[in-house]
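Okay, work-v9.cif now, which holds mmCIF, C-alpha atoms and all ligand atoms:
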```
data_query
loop_
_atom_site.label_atom_id
_atom_site.label_comp_id
_atom_site.auth_asym_id
_atom_site.auth_seq_id
_atom_site.Cartn_x
_atom_site.Cartn_y
_atom_site.Cartn_z
CA MET A 13 -26.95 -71.27 52.26
CA ILE A 14 -25.55 -74.40 53.93
CA GLN A 15 -21.82 -74.08 54.63
CA ALA A 16 -19.42 -76.92 55.45
CA THR A 17 -16.05 -76.49 57.17
CA PRO A 18 -13.79 -79.59 57.13
CA SER A 19 -12.41 -80.70 60.50
CA GLY A 20 -8.83 -80.81 59.18
CA GLN A 21 -8.62 -84.39 60.50
CA GLY A 22 -9.05 -87.70 58.62
CA LEU A 23 -12.76 -86.99 58.04
CA GLY A 24 -15.61 -84.81 59.31
CA ALA A 25 -17.01 -81.31 58.70
CA ARG A 26 -19.03 -78.77 60.67
CA VAL A 27 -22.20 -77.67 58.89
CA ASP A 28 -23.65 -74.19 59.46
CA ASN A 29 -26.65 -72.16 58.35
CA ILE A 30 -29.36 -74.75 58.77
CA ASP A 31 -32.09 -75.25 61.39
CA LEU A 32 -32.78 -78.98 61.61
CA SER A 33 -36.11 -78.46 63.39
CA GLN A 34 -37.56 -77.32 60.03
CA PRO A 35 -38.39 -79.67 57.14
CA LEU A 36 -35.54 -79.90 54.61
CA SER A 37 -36.02 -78.70 51.06
CA GLN A 38 -34.98 -81.15 48.31
CA GLU A 39 -31.92 -78.96 47.69
CA GLN A 40 -30.92 -79.04 51.38
CA TYR A 41 -31.42 -82.81 51.48
CA LYS A 42 -29.19 -83.33 48.42
CA THR A 43 -26.53 -81.01 49.86
CA ILE A 44 -26.40 -82.86 53.18
CA GLU A 45 -26.39 -86.25 51.44
CA GLY A 46 -23.45 -85.13 49.27
CA LEU A 47 -21.57 -83.74 52.28
CA LEU A 48 -22.07 -87.00 54.16
CA GLY A 49 -20.61 -88.95 51.25
CA LYS A 50 -17.66 -86.55 51.00
CA HIS A 51 -16.81 -85.96 54.68
CA GLY A 52 -18.22 -89.11 56.35
CA VAL A 53 -19.15 -87.24 59.57
CA LEU A 54 -21.12 -83.98 59.91
CA TRP A 55 -22.05 -81.95 62.95
CA PHE A 56 -24.55 -79.14 63.33
CA SER A 57 -24.17 -76.91 66.40
CA LYS A 58 -26.73 -75.14 68.61
CA GLN A 59 -29.76 -77.13 67.45
CA THR A 60 -33.01 -77.27 69.45
CA LEU A 61 -35.09 -80.29 68.54
CA THR A 62 -38.05 -82.16 69.98
CA SER A 63 -37.91 -85.94 69.60
CA ALA A 64 -40.54 -85.66 66.87
CA GLN A 65 -38.34 -83.17 64.99
CA LEU A 66 -35.27 -85.40 65.39
CA LYS A 67 -37.31 -88.27 63.97
CA ALA A 68 -38.62 -86.10 61.10
CA PHE A 69 -35.12 -84.86 60.13
CA SER A 70 -33.64 -88.38 60.31
CA SER A 71 -36.43 -89.98 58.30
CA THR A 72 -35.67 -87.63 55.39
CA PHE A 73 -32.70 -89.92 54.69
CA GLY A 74 -34.42 -93.33 54.75
CA THR A 75 -36.42 -95.74 56.86
CA LEU A 76 -35.77 -95.55 60.61
CA GLU A 77 -34.86 -98.70 62.49
CA VAL A 78 -36.37 -99.60 65.87
CA ASN A 79 -33.47 -101.18 67.77
CA VAL A 80 -33.68 -104.94 68.27
CA ALA A 81 -32.84 -104.60 71.98
CA ASN A 82 -36.10 -102.64 72.14
CA MET A 83 -35.67 -101.38 75.70
CA TYR A 84 -34.44 -97.80 75.62
CA GLN A 85 -36.87 -95.82 73.51
CA ASP A 86 -38.24 -92.32 73.88
CA PRO A 87 -41.76 -92.81 75.28
CA GLY A 88 -44.20 -92.77 72.35
CA ILE A 89 -41.46 -92.48 69.69
CA PRO A 90 -39.79 -95.90 69.39
CA GLU A 91 -37.56 -94.73 66.49
CA VAL A 92 -35.77 -92.40 68.94
CA MET A 93 -33.42 -94.42 71.11
CA ILE A 94 -31.99 -93.07 74.37
CA LEU A 95 -28.26 -93.44 75.00
CA SER A 96 -27.66 -92.52 78.63
CA ASN A 97 -26.12 -93.58 81.92
CA LYS A 98 -28.81 -91.65 83.87
CA LYS A 99 -31.28 -93.43 86.14
CA VAL A 100 -34.65 -92.46 87.59
CA ASP A 101 -35.72 -94.32 90.77
CA GLY A 102 -32.86 -96.75 90.12
CA LYS A 103 -34.14 -97.55 86.62
CA PRO A 104 -31.89 -96.82 83.58
CA LEU A 105 -33.23 -94.09 81.30
CA GLY A 106 -31.26 -95.36 78.34
CA LEU A 107 -28.65 -97.80 77.04
CA ALA A 108 -25.58 -96.80 79.07
CA ASP A 109 -22.83 -98.51 77.09
CA ALA A 110 -23.99 -98.13 73.47
CA GLY A 111 -21.26 -98.33 70.88
CA GLN A 112 -18.34 -98.50 73.32
CA ASP A 113 -15.93 -100.18 70.93
CA TRP A 114 -15.10 -99.84 67.24
CA HIS A 115 -17.97 -100.90 65.00
CA THR A 116 -20.33 -100.03 62.16
CA ASP A 117 -23.99 -99.94 63.11
CA MET A 118 -26.22 -102.53 61.49
CA SER A 119 -23.48 -104.32 59.54
CA TYR A 120 -25.12 -107.40 61.13
CA SER A 121 -28.34 -106.71 59.26
CA LYS A 122 -29.37 -107.76 55.75
CA MET A 123 -30.32 -104.13 55.12
CA ILE A 124 -27.29 -102.14 56.25
CA ALA A 125 -27.43 -98.65 57.79
CA PHE A 126 -26.90 -95.39 55.94
CA THR A 127 -26.60 -92.85 58.73
CA ASN A 128 -26.95 -92.38 62.48
CA VAL A 129 -28.26 -89.08 63.80
CA LEU A 130 -27.37 -88.27 67.42
CA TYR A 131 -28.59 -85.26 69.37
CA GLY A 132 -26.58 -84.33 72.49
CA LEU A 133 -28.62 -83.06 75.46
CA GLU A 134 -26.26 -83.71 78.40
CA ILE A 135 -22.51 -84.10 77.99
CA PRO A 136 -20.22 -85.00 80.91
CA HIS A 137 -17.21 -82.75 81.54
CA ARG A 138 -14.10 -83.06 83.73
CA ASP A 139 -11.50 -80.33 84.22
CA GLY A 140 -13.34 -78.28 81.59
CA LYS A 141 -13.03 -80.98 78.92
CA PRO A 142 -15.93 -82.92 77.39
CA LEU A 143 -16.00 -86.66 78.05
CA GLY A 144 -17.77 -89.38 76.09
CA ASN A 145 -16.34 -88.26 72.73
CA THR A 146 -17.35 -90.17 69.60
CA GLU A 147 -14.41 -91.27 67.43
CA PHE A 148 -14.52 -92.13 63.74
CA SER A 149 -12.27 -93.72 61.15
CA ASN A 150 -12.48 -93.28 57.37
CA MET A 151 -13.06 -96.55 55.48
CA ARG A 152 -12.59 -94.97 52.04
CA ALA A 153 -9.07 -93.93 53.07
CA ALA A 154 -8.52 -97.33 54.73
CA TYR A 155 -9.44 -99.13 51.48
CA ALA A 156 -7.25 -96.84 49.38
CA ALA A 157 -4.24 -97.48 51.66
CA LEU A 158 -4.48 -101.30 51.50
CA PRO A 159 -1.63 -103.10 49.74
CA ASP A 160 -2.60 -103.80 46.10
CA GLU A 161 -2.09 -107.59 46.46
CA LEU A 162 -4.51 -107.69 49.38
CA LYS A 163 -7.09 -105.64 47.48
CA LYS A 164 -6.82 -108.15 44.61
CA LYS A 165 -6.94 -111.20 46.87
CA LEU A 166 -10.02 -110.04 48.81
CA GLU A 167 -11.97 -108.60 45.85
CA GLY A 168 -15.33 -110.41 45.59
CA MET A 169 -15.06 -111.97 49.05
CA THR A 170 -17.64 -111.58 51.80
CA VAL A 171 -17.59 -111.13 55.58
CA LEU A 172 -19.99 -112.69 58.10
CA HIS A 173 -21.34 -110.14 60.65
CA ASP A 174 -23.08 -111.08 63.91
CA PHE A 175 -25.02 -108.73 66.25
CA ASN A 176 -24.38 -111.02 69.20
CA LYS A 177 -20.56 -110.61 68.92
CA PHE A 178 -20.72 -106.98 70.07
CA TRP A 179 -23.49 -107.65 72.60
CA GLU A 180 -21.54 -110.48 74.26
CA ASN A 181 -18.30 -108.44 74.23
CA MET A 182 -20.15 -105.64 76.06
CA ARG A 183 -21.55 -108.15 78.58
CA LYS A 184 -17.97 -109.08 79.54
CA GLN A 185 -17.22 -105.47 80.59
CA PRO A 186 -17.27 -104.79 84.36
CA GLY A 187 -20.59 -103.35 85.56
CA CYS A 188 -22.46 -104.17 82.34
CA THR A 189 -26.20 -104.63 82.90
CA ARG A 190 -27.07 -105.99 79.45
CA PRO A 191 -28.99 -109.28 79.76
CA PRO A 192 -28.14 -112.02 77.25
CA LEU A 193 -30.19 -111.70 74.07
CA THR A 194 -33.34 -113.79 74.15
CA GLU A 195 -33.97 -116.57 71.63
CA ALA A 196 -36.47 -114.29 69.91
CA GLN A 197 -33.93 -111.44 69.64
CA LEU A 198 -31.27 -113.82 68.29
CA LYS A 199 -33.74 -115.19 65.77
CA ALA A 200 -34.64 -111.67 64.68
CA LYS A 201 -30.95 -110.93 63.91
CA PRO A 202 -29.20 -114.01 62.49
CA PRO A 203 -25.63 -113.45 61.20
CA VAL A 204 -25.47 -112.08 57.64
CA SER A 205 -22.77 -111.68 55.00
CA HIS A 206 -21.79 -108.57 53.03
CA PRO A 207 -19.05 -107.88 50.46
CA ILE A 208 -15.75 -107.03 52.15
CA PHE A 209 -15.42 -104.06 49.78
CA LEU A 210 -18.54 -101.98 49.04
CA THR A 211 -18.93 -99.39 46.33
CA HIS A 212 -20.20 -96.30 48.08
CA PRO A 213 -23.64 -95.45 46.64
CA ILE A 214 -23.10 -91.67 46.91
CA THR A 215 -19.46 -91.26 45.87
CA GLY A 216 -18.90 -94.42 43.77
CA GLU A 217 -15.66 -95.02 45.68
CA LYS A 218 -14.61 -98.34 47.18
CA ILE A 219 -14.73 -98.72 50.95
CA LEU A 220 -13.55 -101.35 53.39
CA TYR A 221 -16.70 -102.83 54.96
CA ALA A 222 -15.44 -104.92 57.90
CA ASN A 223 -15.44 -103.81 61.53
CA PRO A 224 -14.14 -105.35 64.75
CA GLY A 225 -17.52 -105.03 66.49
CA TYR A 226 -19.49 -107.42 64.30
CA ALA A 227 -17.22 -109.05 61.68
CA MET A 228 -16.74 -112.74 62.46
CA ARG A 229 -14.91 -114.17 59.45
CA ILE A 230 -14.12 -113.93 55.76
CA ASN A 231 -16.34 -116.65 54.36
CA GLU A 232 -14.15 -117.65 51.42
CA LEU A 233 -10.95 -118.25 53.45
CA PRO A 234 -9.90 -120.98 55.90
CA GLU A 235 -10.59 -119.91 59.49
CA LYS A 236 -6.94 -119.29 60.44
CA GLU A 237 -6.22 -117.15 57.39
CA SER A 238 -9.51 -115.30 57.86
CA ASP A 239 -8.55 -114.51 61.49
CA GLU A 240 -5.11 -113.29 60.43
CA ILE A 241 -6.45 -111.03 57.69
CA LEU A 242 -9.29 -109.66 59.82
CA ASN A 243 -6.81 -108.83 62.59
CA PHE A 244 -4.62 -107.05 60.05
CA LEU A 245 -7.62 -105.11 58.71
CA PHE A 246 -8.83 -104.15 62.21
CA GLU A 247 -5.40 -102.65 62.97
CA HIS A 248 -4.95 -101.09 59.53
CA GLN A 249 -8.34 -99.31 59.59
CA LEU A 250 -7.58 -97.38 62.80
CA GLN A 251 -4.46 -95.52 61.69
CA PRO A 252 -4.37 -91.98 63.13
CA GLN A 253 -4.46 -90.28 59.70
CA PHE A 254 -7.92 -91.83 59.02
CA ARG A 255 -9.47 -90.55 62.26
CA TYR A 256 -11.71 -87.78 63.63
CA ARG A 257 -12.76 -87.37 67.28
CA HIS A 258 -15.97 -85.47 68.02
CA LEU A 259 -15.86 -83.45 71.23
CA TRP A 260 -19.49 -82.96 72.13
CA THR A 261 -21.21 -79.69 73.02
CA VAL A 262 -24.85 -79.67 74.22
CA GLY A 263 -27.11 -78.96 71.22
CA ASP A 264 -24.87 -80.75 68.70
CA VAL A 265 -26.48 -82.96 66.11
CA LEU A 266 -23.87 -85.44 64.90
CA MET A 267 -24.53 -87.60 61.88
CA TRP A 268 -22.29 -90.01 60.05
CA ASP A 269 -22.16 -92.22 57.01
CA ASN A 270 -22.20 -95.74 58.41
CA MET A 271 -21.05 -97.31 55.16
CA GLY A 272 -17.88 -95.23 54.83
CA THR A 273 -16.85 -95.04 58.49
CA ILE A 274 -16.44 -97.03 61.68
CA HIS A 275 -16.93 -95.44 65.10
CA ASN A 276 -16.36 -95.82 68.83
CA ALA A 277 -18.11 -94.17 71.79
CA VAL A 278 -15.31 -93.38 74.25
CA ALA A 279 -16.18 -94.77 77.72
CA ASP A 280 -14.15 -92.35 79.87
CA TYR A 281 -16.85 -91.09 82.27
CA THR A 282 -18.26 -92.50 85.50
CA PRO A 283 -21.92 -93.31 86.39
CA ASP A 284 -22.10 -89.93 88.19
CA GLU A 285 -20.96 -88.00 85.11
CA HIS A 286 -24.14 -87.89 83.09
CA ARG A 287 -24.46 -88.28 79.35
CA PHE A 288 -27.86 -88.12 77.62
CA ILE A 289 -28.13 -88.45 73.87
CA LYS A 290 -31.05 -89.17 71.56
CA ARG A 291 -30.37 -91.29 68.51
CA CYS A 292 -32.07 -92.30 65.28
CA GLN A 293 -30.80 -95.05 63.03
CA VAL A 294 -31.46 -94.57 59.31
CA MET A 295 -31.29 -97.61 57.05
CA ALA A 296 -29.71 -97.64 53.58
CA ASP A 297 -32.91 -98.89 51.91
CA ARG A 298 -32.91 -95.92 49.54
CA TYR A 299 -29.58 -97.10 48.09
CA PHE A 300 -30.07 -100.88 48.24
CA PRO A 301 -33.81 -101.39 47.63
CA LEU A 302 -33.32 -105.04 46.60
CA ALA A 303 -32.02 -105.98 50.08
CA ALA A 304 -35.12 -104.52 51.81
C1 LIG B 1 -23.44 -95.37 68.64
O1 LIG B 1 -22.62 -96.25 68.43
O2 LIG B 1 -24.41 -95.20 67.90
C2 LIG B 1 -23.27 -94.47 69.85
C3 LIG B 1 -22.20 -93.47 69.70
C4 LIG B 1 -22.09 -92.56 70.90
O3 LIG B 1 -22.89 -92.67 71.85
O4 LIG B 1 -21.20 -91.70 70.91
#
```
Let's see the structure in the file written out as C-alpha cells.
Amino acid sequence: MIQATPSGQGLGARVDNIDLSQPLSQEQYKTIEGLLGKHGVLWFSKQTLTSAQLKAFSSTFGTLEVNVANMYQDPGIPEVMILSNKKVDGKPLGLADAGQDWHTDMSYSKMIAFTNVLYGLEIPHRDGKPLGNTEFSNMRAAYAALPDELKKKLEGMTVLHDFNKFWENMRKQPGCTRPPLTEAQLKAKPPVSHPIFLTHPITGEKILYANPGYAMRINELPEKESDEILNFLFEHQLQPQFRYRHLWTVGDVLMWDNMGTIHNAVADYTPDEHRFIKRCQVMADRYFPLAA
C-alpha cells in the first residue's frame, strides 16, 4: 500500500511502495491525487523509468503539454522535455536554465498546469552535497497568512500573466543562450488573466495564485498600487515556514501541484557539474474543462 511521510517542512512528502513504471490502478491514482492536494510536493525514490513510462505515468493526471519553446525534447517523445546543462559536440542536450527563479509553470496559459513530473538521471554534487535543488513554497499557507483586509480587498480581482516576462528575465542572466521568442511563439502565448485567489479543485481551499516569474499586474488596480501589492505578495509568499527544498538523488521522481505551490530551480552548479532531468508538464484540463 502507498505510504506517505511528510517532509516536516512547509510542504512535501516522500511516497513509498509504488513502482511508477507500472500503470496506476484507479485507487493508486486517487491516492496520489489526494496526496498532491494535501502535501503540494511528492517524491518517489529509486524509480527506473523509460521516457515512454514517464510519459505514461504523467498522462494519468491530465493532458501533457509540449513546451512552447519546442527545442529540448526527448527524441521521438515531444511531451518529455530535457532539462540539462550537458552538451554533445557543442550542442545543448536540454534547456540549461529552466525554472531558475520563483514561478508557477503555465500560469501564463489559458489552461493552467496541474502538476509537473521530473525524473532525475544526473545530479551534480560538490563536497558530498547535491546541487541544483528544487525549492517550493506553499500557496495555501501563503493565502491563509494574508492580512484579512488584503484578502477582502483582492477578492474577485485578477492578475495578468506573461510567458515572455520569465523568458526575458532569463535572457538577462550572464551566459544565457536563450534566443528571443519569435513572433510565432509570442503569438502562441499571449498574456492571460487568472483570479488572484483560486479555489483548489482537490482540497477546496483558497490559494494565492500570483508568482514573480509571470505575474505582470493586478488588472483591477492602478499600476502603482498593483506594483506595490504584487511586491508585497512576492515577499510574503516566500516566508521560510511555507517552504520545502528538494535535495535530489538519482532515480527520484519529483512531482508537485502547480496550483498550490510556486517553485525555483536553484542555479548553484557550473557548466562542468552536470544535471540531467526529464520533465513532463500535466495540464489542469481535468479540473477546468471549460478553459480547454
Ligand atoms: C521547472 O521549473 O520545471 C524546473 C525545476 C528544476 O529543474 O528543478
Report as number ranges by chain which protein, DNA and RNA residues come within 8 Å of ligand LIG 1 (chain B), using all atoms listed in the file.
-> A: 95, 109-112, 115-117, 128, 130, 144-147, 275-278, 289, 291
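Taking CA of Lys122 (chain A) and CA of Lys218 (chain A) as endpoints, the distance between them is 19.5 Å.
Excluding Val265 (chain A) itself and same-chain residues fewer than 4 positions from it, the residues having an atom within 7 Å of it are Trp55, Phe56, Ser57, Gln59, Val129, Leu130, Tyr131 and Gly132 of chain A, counting only C-alpha atoms.
Excluding region 22-37 of chain A and any residue on its chain fewer than 3 positions from it, the residues at most 7 Å away by only C-alpha atoms are Met13, Ile14, Gln15, Ala16, Thr17, Pro18, Ser19, Gln40, Tyr41, His51, Gly52, Val53, Leu54, Trp55, Phe56, Gln59, Thr60, Leu61, Gln65, Phe69, Asn150, Gln253, Phe254, Arg255 and Tyr256 of chain A.
Pairwise distance (CA of Gln293 (chain A), CA of Gly187 (chain A)) equals 26.1 Å.
If all atoms listed in the file are the atoms counted, then among A:Ile94, A:Cys292, A:Ile219, A:Leu242 the closest residue to Arg152 (chain A) is A:Ile219.
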Please, what distance in Å, to one decimal, runs between CA of Val100 (chain A) and CA of Trp179 (chain A)?
->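 Answer for the CA of Val100 (chain A) to CA of Trp179 (chain A) separation: 24.1 Å.
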Close residues, Val262 (chain A) itself excluded, 7 Å, only C-alpha atoms, min 3 positions apart in chain, as a list in words = Gly132, Leu133, Glu134 and Ile135 of chain A
